[in-house]
>>> print(open('protein_18.cif').read())   # mmCIF, C-alpha atoms
data_structure
loop_
_atom_site.label_atom_id
_atom_site.label_comp_id
_atom_site.auth_asym_id
_atom_site.auth_seq_id
_atom_site.Cartn_x
_atom_site.Cartn_y
_atom_site.Cartn_z
CA MET A 1 55.94 -86.60 -12.52
CA ALA A 2 56.46 -90.08 -13.89
CA LYS A 3 57.27 -90.27 -17.60
CA THR A 4 55.14 -92.81 -19.40
CA LEU A 5 55.83 -94.47 -22.74
CA GLN A 6 52.61 -95.38 -24.54
CA ILE A 7 53.22 -98.29 -26.90
CA VAL A 8 50.71 -98.87 -29.70
CA THR A 9 51.00 -102.22 -31.41
CA HIS A 10 47.83 -102.55 -33.45
CA ALA A 11 45.83 -100.12 -35.48
CA TYR A 12 42.57 -99.97 -37.42
CA ARG A 13 40.38 -101.74 -34.95
CA CYS A 14 37.70 -99.19 -34.16
CA THR A 15 36.88 -97.49 -37.41
CA ILE A 16 33.27 -96.89 -36.37
CA GLU A 17 34.09 -95.76 -32.85
CA GLU A 18 34.38 -92.12 -32.00
CA GLN A 19 37.63 -92.58 -30.11
CA ASP A 20 39.60 -94.17 -32.93
CA ASP A 21 42.41 -94.85 -32.51
CA PRO A 22 41.59 -95.56 -28.83
CA THR A 23 45.23 -95.45 -27.74
CA VAL A 24 46.01 -92.24 -29.57
CA TRP A 25 42.78 -90.81 -28.16
CA ILE A 26 43.55 -91.76 -24.58
CA THR A 27 47.06 -90.38 -25.00
CA HIS A 28 45.52 -87.01 -25.80
CA ALA A 29 43.22 -87.35 -22.79
CA LEU A 30 46.05 -88.32 -20.44
CA GLU A 31 48.16 -85.42 -21.70
CA GLY A 32 45.27 -83.13 -20.98
CA ALA A 33 45.19 -84.53 -17.46
CA GLY A 34 48.83 -83.61 -17.00
CA ALA A 35 50.69 -86.78 -17.95
CA ASP A 36 54.23 -86.64 -19.30
CA LEU A 37 54.14 -88.98 -22.26
CA GLY A 38 55.98 -90.42 -25.21
CA VAL A 39 54.48 -92.68 -27.85
CA LEU A 40 56.01 -95.64 -29.65
CA LEU A 41 54.31 -97.10 -32.70
CA ARG A 42 55.25 -100.74 -33.35
CA GLY A 43 54.04 -103.49 -35.60
CA ASN A 44 51.26 -102.45 -37.95
CA ALA A 45 50.59 -99.40 -35.77
CA VAL A 46 53.50 -97.72 -37.57
CA ASN A 47 50.95 -97.05 -40.27
CA SER A 48 49.09 -94.73 -37.90
CA ALA A 49 51.71 -92.10 -38.64
CA VAL A 50 51.34 -92.31 -42.40
CA GLN A 51 50.00 -89.20 -44.11
CA GLY A 52 46.88 -89.33 -46.22
CA GLN A 53 44.83 -92.00 -44.45
CA ASP A 54 41.19 -91.81 -45.45
CA ALA A 55 38.48 -93.80 -43.72
CA SER A 56 35.63 -91.62 -44.91
CA GLY A 57 32.61 -92.78 -46.85
CA LEU A 58 31.24 -95.55 -44.71
CA SER A 59 27.52 -95.90 -44.44
CA PHE A 60 25.26 -98.67 -43.15
CA GLY A 61 21.67 -98.56 -44.27
CA SER A 62 20.91 -94.89 -44.64
CA MET A 63 23.21 -93.90 -41.82
CA VAL A 64 26.39 -92.15 -42.88
CA GLN A 65 29.62 -92.04 -40.90
CA THR A 66 29.75 -88.36 -39.99
CA GLN A 67 33.03 -88.49 -38.07
CA PRO A 68 35.48 -90.90 -39.68
CA PRO A 69 38.74 -91.41 -37.85
CA ARG A 70 41.62 -89.24 -39.02
CA ILE A 71 44.44 -90.96 -37.28
CA ASP A 72 47.22 -89.14 -39.12
CA ARG A 73 45.73 -85.86 -37.94
CA ASP A 74 45.46 -87.18 -34.40
CA VAL A 75 49.08 -88.31 -34.44
CA ALA A 76 50.14 -84.91 -35.79
CA ALA A 77 48.18 -83.32 -32.96
CA LEU A 78 50.19 -85.31 -30.43
CA LEU A 79 53.37 -83.94 -31.99
CA ALA A 80 51.95 -80.43 -31.89
CA LYS A 81 51.49 -80.84 -28.14
CA GLY A 82 55.16 -81.64 -27.76
CA ILE A 83 54.73 -85.36 -27.30
CA ASP A 84 57.53 -87.35 -28.92
CA VAL A 85 56.13 -89.98 -31.27
CA TYR A 86 58.47 -92.75 -32.35
CA VAL A 87 58.08 -95.30 -35.10
CA VAL A 88 60.08 -98.54 -35.12
CA SER A 89 61.94 -98.09 -38.36
CA CYS A 90 62.34 -101.81 -39.15
CA ASP A 91 58.62 -102.34 -38.75
CA ALA A 92 58.05 -99.45 -41.14
CA ARG A 93 60.61 -100.56 -43.72
CA GLU A 94 59.33 -104.12 -43.70
CA ARG A 95 55.91 -102.70 -44.52
CA GLY A 96 57.26 -100.67 -47.43
CA LEU A 97 57.21 -97.33 -45.64
CA GLU A 98 59.84 -94.64 -45.99
CA ASP A 99 60.41 -91.73 -43.64
CA ALA A 100 58.75 -89.43 -46.14
CA SER A 101 55.51 -91.37 -45.73
CA PHE A 102 55.03 -90.12 -42.20
CA VAL A 103 53.55 -86.96 -40.76
CA GLU A 104 56.17 -84.36 -40.03
CA GLY A 105 58.00 -84.60 -36.75
CA ILE A 106 57.94 -88.37 -36.29
CA LYS A 107 61.09 -89.79 -34.74
CA THR A 108 62.41 -93.21 -35.61
CA VAL A 109 64.01 -95.86 -33.48
CA GLU A 110 65.60 -99.06 -34.66
CA ARG A 111 64.11 -102.27 -33.34
CA SER A 112 67.29 -102.75 -31.32
CA GLY A 113 66.67 -99.36 -29.75
CA VAL A 114 63.24 -100.18 -28.34
CA ALA A 115 64.68 -101.57 -25.11
CA GLY A 116 66.78 -98.45 -24.61
CA LEU A 117 63.75 -96.27 -25.21
CA MET A 118 61.76 -98.25 -22.62
CA ASP A 119 64.60 -97.71 -20.15
CA GLN A 120 64.23 -93.94 -20.53
CA PHE A 121 60.69 -93.97 -19.16
CA ASP A 122 59.48 -94.56 -15.61
CA ARG A 123 56.44 -96.45 -16.86
CA VAL A 124 55.74 -98.36 -20.05
CA TRP A 125 52.10 -98.85 -20.96
CA SER A 126 51.48 -101.15 -23.89
CA TRP A 127 47.95 -100.87 -25.31
CA MET B 1 69.17 -101.00 -13.77
CA ALA B 2 65.50 -101.87 -13.72
CA LYS B 3 63.45 -104.99 -13.23
CA TYR B 4 61.03 -105.90 -15.96
CA VAL B 5 58.26 -108.44 -16.23
CA LEU B 6 57.06 -108.75 -19.80
CA LEU B 7 53.83 -110.63 -20.43
CA GLU B 8 53.44 -112.31 -23.77
CA SER B 9 49.99 -113.63 -24.64
CA ARG B 10 50.45 -114.11 -28.36
CA ASP B 11 51.41 -117.27 -30.15
CA PRO B 12 54.40 -116.81 -32.50
CA PHE B 13 52.52 -118.88 -35.07
CA ASP B 14 49.78 -116.20 -35.02
CA SER B 15 51.88 -113.11 -34.94
CA GLY B 16 55.36 -112.37 -36.22
CA ASP B 17 55.49 -109.52 -33.71
CA THR B 18 55.92 -112.11 -30.96
CA LEU B 19 59.46 -112.81 -32.10
CA HIS B 20 60.15 -109.08 -31.92
CA ASP B 21 58.79 -109.11 -28.37
CA TYR B 22 61.24 -111.88 -27.51
CA GLN B 23 63.97 -109.66 -28.93
CA VAL B 24 62.92 -106.79 -26.68
CA ALA B 25 63.31 -109.12 -23.70
CA SER B 26 66.76 -110.12 -24.90
CA ASP B 27 67.82 -106.50 -25.51
CA LEU B 28 66.61 -105.40 -22.09
CA ALA B 29 68.61 -108.19 -20.46
CA LYS B 30 71.70 -107.35 -22.50
CA ALA B 31 71.38 -103.78 -21.24
CA GLY B 32 71.78 -105.11 -17.72
CA ASN B 33 68.16 -105.16 -16.61
CA GLU B 34 66.62 -108.07 -14.71
CA VAL B 35 64.06 -109.46 -17.13
CA THR B 36 61.30 -112.04 -16.81
CA LEU B 37 59.29 -113.07 -19.85
CA PHE B 38 56.00 -114.44 -18.57
CA LEU B 39 54.03 -116.40 -21.14
CA VAL B 40 50.28 -116.45 -20.73
CA GLN B 41 47.33 -117.67 -22.81
CA ASN B 42 48.35 -118.80 -26.30
CA GLY B 43 51.76 -117.35 -25.58
CA VAL B 44 52.62 -120.63 -23.84
CA PHE B 45 52.38 -122.70 -27.04
CA PRO B 46 56.10 -122.51 -27.87
CA ALA B 47 56.85 -123.79 -24.37
CA ARG B 48 56.04 -127.18 -25.87
CA LYS B 49 58.73 -128.23 -28.32
CA SER B 50 57.88 -126.63 -31.64
CA ALA B 51 59.39 -124.62 -34.44
CA HIS B 52 59.63 -121.51 -32.23
CA SER B 53 60.77 -123.12 -29.00
CA GLU B 54 64.48 -122.79 -29.59
CA ARG B 55 64.16 -119.01 -29.35
CA LEU B 56 62.75 -119.35 -25.83
CA SER B 57 65.55 -121.66 -24.76
CA GLN B 58 68.01 -119.19 -26.21
CA LEU B 59 66.43 -116.34 -24.25
CA ALA B 60 67.01 -118.28 -21.05
CA LYS B 61 70.68 -118.53 -21.96
CA GLU B 62 70.67 -114.76 -22.46
CA ASN B 63 69.69 -114.25 -18.79
CA VAL B 64 65.99 -113.81 -19.40
CA THR B 65 63.88 -115.76 -16.92
CA VAL B 66 61.24 -117.47 -19.06
CA LEU B 67 58.12 -118.55 -17.22
CA ALA B 68 54.89 -120.06 -18.50
CA ASP B 69 51.58 -119.67 -16.69
CA SER B 70 50.66 -122.97 -15.07
CA PHE B 71 46.96 -122.54 -15.74
CA ALA B 72 47.54 -121.79 -19.44
CA LEU B 73 49.78 -124.85 -19.74
CA ARG B 74 47.20 -127.08 -18.09
CA GLU B 75 44.42 -125.57 -20.20
CA ARG B 76 46.38 -126.62 -23.30
CA ALA B 77 47.44 -130.02 -21.91
CA ILE B 78 51.11 -129.08 -21.94
CA ALA B 79 52.64 -131.23 -19.22
CA SER B 80 55.61 -130.03 -17.18
CA GLY B 81 57.71 -132.76 -18.70
CA GLU B 82 57.10 -131.31 -22.15
CA LEU B 83 58.51 -127.88 -21.40
CA VAL B 84 61.56 -127.03 -23.44
CA ASP B 85 64.85 -126.22 -21.78
CA GLY B 86 64.90 -122.86 -20.14
CA VAL B 87 61.15 -122.54 -19.64
CA LYS B 88 59.62 -123.09 -16.22
CA ALA B 89 56.00 -123.25 -15.18
CA ALA B 90 54.96 -120.55 -12.74
CA GLU B 91 51.92 -119.11 -11.07
CA LEU B 92 50.40 -115.83 -12.12
CA GLU B 93 51.21 -114.52 -8.65
CA VAL B 94 54.64 -113.70 -10.05
CA VAL B 95 53.08 -110.87 -12.04
CA VAL B 96 51.25 -109.43 -9.05
CA ASP B 97 54.44 -109.70 -7.01
CA ALA B 98 56.26 -107.70 -9.66
CA MET B 99 53.61 -105.01 -9.80
CA ALA B 100 53.53 -104.70 -6.02
CA ALA B 101 57.31 -104.38 -5.96
CA GLY B 102 57.20 -101.57 -8.51
CA HIS B 103 58.86 -103.49 -11.32
CA LYS B 104 58.07 -102.35 -14.85
CA THR B 105 55.29 -104.78 -15.74
CA ILE B 106 54.35 -104.63 -19.39
CA TRP B 107 51.89 -106.68 -21.38
CA LEU B 108 53.55 -106.66 -24.81
CA MET C 1 48.08 -102.64 7.22
CA ALA C 2 51.47 -100.94 7.04
CA ASN C 3 52.67 -100.29 3.51
CA LYS C 4 49.53 -101.77 1.96
CA LYS C 5 50.10 -102.23 -1.71
CA LYS C 6 48.14 -100.35 -4.31
CA LEU C 7 47.78 -101.59 -7.86
CA THR C 8 46.08 -100.20 -10.94
CA PHE C 9 44.81 -102.18 -13.90
CA CYS C 10 43.38 -100.92 -17.17
CA ILE C 11 41.36 -103.41 -19.18
CA MET C 12 39.90 -102.99 -22.64
CA ASP C 13 38.19 -106.21 -23.55
CA GLY C 14 34.71 -107.52 -23.00
CA PRO C 15 34.29 -110.85 -21.28
CA TYR C 16 34.14 -113.43 -24.01
CA GLU C 17 35.92 -112.49 -27.18
CA ASN C 18 39.41 -112.68 -25.83
CA ALA C 19 41.34 -114.57 -23.17
CA ARG C 20 42.90 -111.37 -21.89
CA THR C 21 39.83 -110.71 -19.76
CA VAL C 22 40.29 -114.05 -18.00
CA THR C 23 43.92 -113.28 -17.20
CA ALA C 24 42.99 -109.78 -16.08
CA LEU C 25 40.37 -111.09 -13.67
CA ARG C 26 42.84 -113.66 -12.34
CA LEU C 27 45.38 -110.93 -11.60
CA ILE C 28 42.81 -108.68 -9.95
CA ASP C 29 41.54 -111.64 -7.93
CA ILE C 30 45.04 -112.48 -6.68
CA ALA C 31 45.49 -108.89 -5.53
CA ALA C 32 42.04 -108.94 -3.90
CA LYS C 33 42.90 -112.07 -1.93
CA ARG C 34 46.03 -110.31 -0.72
CA GLY C 35 43.96 -107.39 0.53
CA TYR C 36 45.55 -104.85 -1.78
CA ASP C 37 43.83 -101.62 -2.73
CA GLN C 38 43.17 -101.63 -6.44
CA THR C 39 41.83 -99.40 -9.13
CA VAL C 40 40.46 -101.04 -12.23
CA PHE C 41 39.91 -98.63 -15.10
CA ALA C 42 37.67 -100.30 -17.62
CA TYR C 43 38.11 -98.75 -21.05
CA GLU C 44 36.45 -99.63 -24.35
CA GLY C 45 34.86 -103.09 -24.24
CA GLY C 46 35.94 -103.60 -20.65
CA VAL C 47 32.99 -101.48 -19.51
CA SER C 48 30.61 -104.31 -20.35
CA LEU C 49 32.00 -106.55 -17.62
CA THR C 50 29.96 -104.86 -14.90
CA PHE C 51 26.75 -104.35 -16.89
CA ALA C 52 23.97 -105.05 -14.42
CA LYS C 53 21.61 -106.55 -16.98
CA GLN C 54 23.69 -109.56 -17.93
CA GLU C 55 21.46 -112.61 -17.72
CA LYS C 56 22.00 -116.34 -17.53
CA HIS C 57 20.64 -118.68 -20.14
CA ALA C 58 20.02 -122.33 -20.73
CA ASN C 59 22.59 -124.34 -22.63
CA SER C 60 20.97 -126.79 -24.95
CA VAL C 61 24.31 -127.84 -26.43
CA GLN C 62 25.32 -129.09 -23.00
CA GLY C 63 21.81 -130.31 -22.28
CA ALA C 64 21.21 -127.92 -19.41
CA SER C 65 18.10 -125.86 -18.75
CA LEU C 66 18.15 -122.43 -17.18
CA GLY C 67 18.77 -122.78 -13.47
CA VAL C 68 20.61 -126.05 -13.90
CA TRP C 69 23.63 -124.73 -15.71
CA ASP C 70 24.11 -121.76 -13.35
CA HIS C 71 27.21 -120.45 -15.06
CA PRO C 72 28.55 -117.31 -13.32
CA LEU C 73 28.24 -114.06 -15.19
CA PRO C 74 31.06 -111.52 -15.46
CA ARG C 75 29.17 -109.05 -13.27
CA GLU C 76 28.95 -111.73 -10.58
CA TRP C 77 32.63 -112.47 -10.79
CA VAL C 78 33.50 -108.81 -10.48
CA ALA C 79 31.12 -108.36 -7.53
CA SER C 80 32.66 -111.37 -5.83
CA ILE C 81 36.19 -110.06 -6.38
CA MET C 82 35.14 -106.78 -4.79
CA GLU C 83 33.69 -108.63 -1.82
CA THR C 84 36.86 -110.71 -1.50
CA ALA C 85 38.96 -107.57 -1.46
CA ARG C 86 36.82 -106.07 1.29
CA ALA C 87 36.93 -109.27 3.33
CA ASN C 88 40.73 -109.19 3.16
CA GLY C 89 41.05 -105.55 4.16
CA GLY C 90 41.50 -104.21 0.64
CA SER C 91 39.36 -102.57 -1.98
CA VAL C 92 38.59 -102.48 -5.68
CA ASP C 93 37.68 -99.08 -7.10
CA TRP C 94 36.14 -100.15 -10.42
CA ILE C 95 35.88 -97.20 -12.79
CA ASN C 96 34.12 -97.50 -16.13
CA CYS C 97 35.18 -94.96 -18.75
CA GLY C 98 32.11 -92.78 -19.12
CA LEU C 99 32.27 -92.20 -22.87
CA CYS C 100 32.81 -95.90 -23.48
CA VAL C 101 29.79 -96.67 -21.29
CA ASP C 102 27.60 -94.22 -23.17
CA GLU C 103 28.41 -95.43 -26.65
CA ARG C 104 27.80 -99.02 -25.61
CA GLY C 105 24.63 -98.30 -23.67
CA VAL C 106 25.82 -100.15 -20.58
CA GLY C 107 25.17 -97.39 -18.10
CA GLU C 108 23.45 -99.71 -15.64
CA ALA C 109 26.39 -101.17 -13.80
CA ILE C 110 26.56 -103.21 -10.62
CA GLU C 111 26.81 -101.52 -7.28
CA GLY C 112 30.26 -100.44 -6.21
CA THR C 113 31.38 -99.24 -9.63
CA ARG C 114 31.56 -95.67 -10.84
CA ARG C 115 31.90 -93.66 -14.00
CA GLY C 116 35.15 -91.97 -14.75
CA ALA C 117 37.59 -90.57 -17.25
CA PRO C 118 41.21 -91.17 -18.29
CA SER C 119 42.28 -88.66 -15.65
CA HIS C 120 41.18 -91.20 -13.04
CA LEU C 121 43.49 -93.78 -14.57
CA LEU C 122 46.38 -91.34 -14.37
CA GLU C 123 45.55 -90.37 -10.81
CA ALA C 124 45.34 -94.00 -9.73
CA ALA C 125 48.54 -94.94 -11.53
CA ASP C 126 50.42 -92.06 -9.94
CA ALA C 127 49.36 -93.31 -6.52
CA SER C 128 50.07 -96.99 -7.22
CA ASP C 129 53.01 -99.29 -6.64
CA GLY C 130 52.37 -100.84 -10.03
CA THR C 131 50.12 -100.35 -13.04
CA LEU C 132 49.37 -102.84 -15.79
CA ILE C 133 47.65 -101.86 -19.00
CA ILE C 134 45.97 -104.85 -20.65
CA GLY C 135 45.35 -103.55 -24.13
CA ALA C 136 43.27 -105.02 -26.90
CA ARG C 137 45.05 -106.63 -29.83
CA GLY C 138 44.25 -107.07 -33.45
#
>>> encode(input="protein_18.cif", output="structure tokens")
Amino acid sequence: MAKTLQIVTHAYRCTIEEQDDPTVWITHALEGAGADLGVLLRGNAVNSAVQGQDASGLSFGSMVQTQPPRIDRDVAALLAKGIDVYVVSCDARERGLEDASFVEGIKTVERSGVAGLMDQFDRVWSW
Amino acid sequence: MAKYVLLESRDPFDSGDTLHDYQVASDLAKAGNEVTLFLVQNGVFPARKSAHSERLSQLAKENVTVLADSFALRERAIASGELVDGVKAAELEVVVDAMAAGHKTIWL
Amino acid sequence: MANKKKLTFCIMDGPYENARTVTALRLIDIAAKRGYDQTVFAYEGGVSLTFAKQEKHANSVQGASLGVWDHPLPREWVASIMETARANGGSVDWINCGLCVDERGVGEAIEGTRRGAPSHLLEAADASDGTLIIGARG
């Protein structure tokens, strides 16, 4: 079974789509299909692992968003399935994030360690 | 050691992450991998001498093969004579070759 | 063909809002001309590329009436790529992510495409010489 590293580079694109974040969502789906996965959050996607995100309350006309994305919950669910989720620590620090900001279980990798992490996987899929 | 083809479509003037992508290419090469950085779309802009071009030339010195999509260059009127040191024009076939050969092909 | 190559692509963008779709089609076209077997998994906005109800229009800015301008539509390009693959001994298995199709209302797709799920992407990738994910950005 090939090991695949899922790299997420951008977040907060699909707030009104059911499958938000689409890369976190498809990671769950691929895992369910039997894939052996790891996840790396880079760039502003490091914020996907931050606890306490709240996208609730949107409405357009009289239509209310019934299912707002809860990306921190979805990331935590990846961890609960045994999928390693990494955050590039420089990207986080530069954005004012500390380790304590993240959901429990997140691993960190220095920017200089990204290449080494990629080398550990058979496939690297950047979304 | 592995062979990598990294596609870069973003312009470093648009996204600071692009410079981090260049660094990934450099780090992979330093780790002994065979690395090609293939610039496509607006990613070819620094192939023309600009504030970010030096980094591309430096990558070439660090054993990264830096290629720029011929179509994207032509689309942006970047002539072959304008390409900075270390950057060569290439056809997109290079990417398909890499995929067919089982190289790790990653659109950063 | 001995050792015929198999490639998988995953695309996420619709046709016009980003240049990634152009590059994706160029890559798929190259592989089609080589007679490779390909799987294209269209995810998110990528599912609109094969929508059967795309229509041409006039272009008053360029001074062209309907029928004169005759600009190809994405569904035509995709159909032509599929035909090219066949003519060269290859194939393109174009799979549109079913949930993405439903929420965009683009269920009427051109002939030769099919609905699918992320498991099809995994299956295709596992059977391929190479897989390229062309993700959306920003």
>>> resolve_selection(input="protein_18.cif", expression="the PyMOL selection byres ((chain B) within 10 of (chain A))", output="number ranges by chain")
B: 1-2, 4, 15-18, 20-21, 23-31, 33, 102-108
>>> resolve_selection(input="protein_18.cif", expression="the PyMOL selection byres ((chain A and resi 108) around 10)", output="JSON, numbers by chain")
{"A": [40, 41, 85, 86, 87, 88, 89, 90, 92, 99, 105, 106, 107, 109, 110, 111, 113]}
>>> write_last_selection(input="protein_18.cif", atoms="C-alpha atoms", output="PDB file, keeping the file's coordinate frame")
ATOM      1  CA  LEU A  40      56.010 -95.640 -29.650  1.00  0.00           C
ATOM      2  CA  LEU A  41      54.310 -97.100 -32.700  1.00  0.00           C
ATOM      3  CA  VAL A  85      56.130 -89.980 -31.270  1.00  0.00           C
ATOM      4  CA  TYR A  86      58.470 -92.750 -32.350  1.00  0.00           C
ATOM      5  CA  VAL A  87      58.080 -95.300 -35.100  1.00  0.00           C
ATOM      6  CA  VAL A  88      60.080 -98.540 -35.120  1.00  0.00           C
ATOM      7  CA  SER A  89      61.940 -98.090 -38.360  1.00  0.00           C
ATOM      8  CA  CYS A  90      62.340-101.810 -39.150  1.00  0.00           C
ATOM      9  CA  ALA A  92      58.050 -99.450 -41.140  1.00  0.00           C
ATOM     10  CA  ASP A  99      60.410 -91.730 -43.640  1.00  0.00           C
ATOM     11  CA  GLY A 105      58.000 -84.600 -36.750  1.00  0.00           C
ATOM     12  CA  ILE A 106      57.940 -88.370 -36.290  1.00  0.00           C
ATOM     13  CA  LYS A 107      61.090 -89.790 -34.740  1.00  0.00           C
ATOM     14  CA  VAL A 109      64.010 -95.860 -33.480  1.00  0.00           C
ATOM     15  CA  GLU A 110      65.600 -99.060 -34.660  1.00  0.00           C
ATOM     16  CA  ARG A 111      64.110-102.270 -33.340  1.00  0.00           C
ATOM     17  CA  GLY A 113      66.670 -99.360 -29.750  1.00  0.00           C
TER      18      GLY A 113
END
>>> closest_residue(input="protein_18.cif", among="A:Ser48, A:Thr23, A:Ser56, A:Ser62", to="Met12 (chain C)", atoms="only C-alpha atoms")
A:Thr23
>>> residues_around(input="protein_18.cif", residues="region 67-79 of chain B", least_positions_apart="4", cutoff="6 Å", atoms="only C-alpha atoms", output="count of residues only")
10
>>> atom_distance(input="protein_18.cif", atom1="CA of Ser80 (chain B)", atom2="CA of Leu56 (chain B)")
15.5 Å
>>> atom_distance(input="protein_18.cif", atom1="CA of Arg73 (chain A)", atom2="CA of Gly38 (chain A)")
17.0 Å
>>> atom_distance(input="protein_18.cif", atom1="CA of Asp97 (chain B)", atom2="CA of Trp94 (chain C)")
20.9 Å
>>> closest_residue(input="protein_18.cif", among="C:Thr8, C:Gln62, C:Gln38, C:Gln54", to="chain A", atoms="only C-alpha atoms")
C:Thr8
>>> interface_residues(input="protein_18.cif", of="chain A", to="chain C", cutoff="12 Å", atoms="only C-alpha atoms", output="mmCIF file with C-alpha atoms, in the frame of the given file")
data_model
loop_
_atom_site.group_PDB
_atom_site.id
_atom_site.type_symbol
_atom_site.label_atom_id
_atom_site.label_comp_id
_atom_site.auth_asym_id
_atom_site.auth_seq_id
_atom_site.Cartn_x
_atom_site.Cartn_y
_atom_site.Cartn_z
ATOM 1 C CA MET A 1 55.940 -86.600 -12.520
ATOM 2 C CA ALA A 2 56.460 -90.080 -13.890
ATOM 3 C CA LYS A 3 57.270 -90.270 -17.600
ATOM 4 C CA THR A 4 55.140 -92.810 -19.400
ATOM 5 C CA LEU A 5 55.830 -94.470 -22.740
ATOM 6 C CA GLN A 6 52.610 -95.380 -24.540
ATOM 7 C CA ILE A 7 53.220 -98.290 -26.900
ATOM 8 C CA VAL A 8 50.710 -98.870 -29.700
ATOM 9 C CA THR A 9 51.000 -102.220 -31.410
ATOM 10 C CA HIS A 10 47.830 -102.550 -33.450
ATOM 11 C CA ALA A 11 45.830 -100.120 -35.480
ATOM 12 C CA TYR A 12 42.570 -99.970 -37.420
ATOM 13 C CA ARG A 13 40.380 -101.740 -34.950
ATOM 14 C CA CYS A 14 37.700 -99.190 -34.160
ATOM 15 C CA ILE A 16 33.270 -96.890 -36.370
ATOM 16 C CA GLU A 17 34.090 -95.760 -32.850
ATOM 17 C CA GLU A 18 34.380 -92.120 -32.000
ATOM 18 C CA GLN A 19 37.630 -92.580 -30.110
ATOM 19 C CA ASP A 20 39.600 -94.170 -32.930
ATOM 20 C CA ASP A 21 42.410 -94.850 -32.510
ATOM 21 C CA PRO A 22 41.590 -95.560 -28.830
ATOM 22 C CA THR A 23 45.230 -95.450 -27.740
ATOM 23 C CA TRP A 25 42.780 -90.810 -28.160
ATOM 24 C CA ILE A 26 43.550 -91.760 -24.580
ATOM 25 C CA THR A 27 47.060 -90.380 -25.000
ATOM 26 C CA HIS A 28 45.520 -87.010 -25.800
ATOM 27 C CA ALA A 29 43.220 -87.350 -22.790
ATOM 28 C CA LEU A 30 46.050 -88.320 -20.440
ATOM 29 C CA GLU A 31 48.160 -85.420 -21.700
ATOM 30 C CA GLY A 32 45.270 -83.130 -20.980
ATOM 31 C CA ALA A 33 45.190 -84.530 -17.460
ATOM 32 C CA GLY A 34 48.830 -83.610 -17.000
ATOM 33 C CA ALA A 35 50.690 -86.780 -17.950
ATOM 34 C CA ASP A 36 54.230 -86.640 -19.300
ATOM 35 C CA LEU A 37 54.140 -88.980 -22.260
ATOM 36 C CA GLY A 43 54.040 -103.490 -35.600
ATOM 37 C CA ASN A 44 51.260 -102.450 -37.950
ATOM 38 C CA ALA A 45 50.590 -99.400 -35.770
ATOM 39 C CA ASP A 122 59.480 -94.560 -15.610
ATOM 40 C CA ARG A 123 56.440 -96.450 -16.860
ATOM 41 C CA VAL A 124 55.740 -98.360 -20.050
ATOM 42 C CA TRP A 125 52.100 -98.850 -20.960
ATOM 43 C CA SER A 126 51.480 -101.150 -23.890
ATOM 44 C CA TRP A 127 47.950 -100.870 -25.310
#
>>> closest_residue(input="protein_18.cif", among="B:Val96, B:Ala60, B:Val84, B:Leu7", to="chain C", atoms="all atoms listed in the file")
B:Val96
>>> closest_residue(input="protein_18.cif", among="B:Gly32, B:Gln58, B:Ser53, B:Ala98", to="chain C", atoms="only C-alpha atoms")
B:Ala98
>>> closest_residue(input="protein_18.cif", among="A:Gln65, A:Val24, A:Leu78, A:Val46", to="Glu94 (chain A)", atoms="all atoms listed in the file")
A:Val46
>>> closest_residue(input="protein_18.cif", among="C:Lys56, C:Lys33, C:Arg20, C:Arg75", to="chain B", atoms="only C-alpha atoms")
C:Arg20
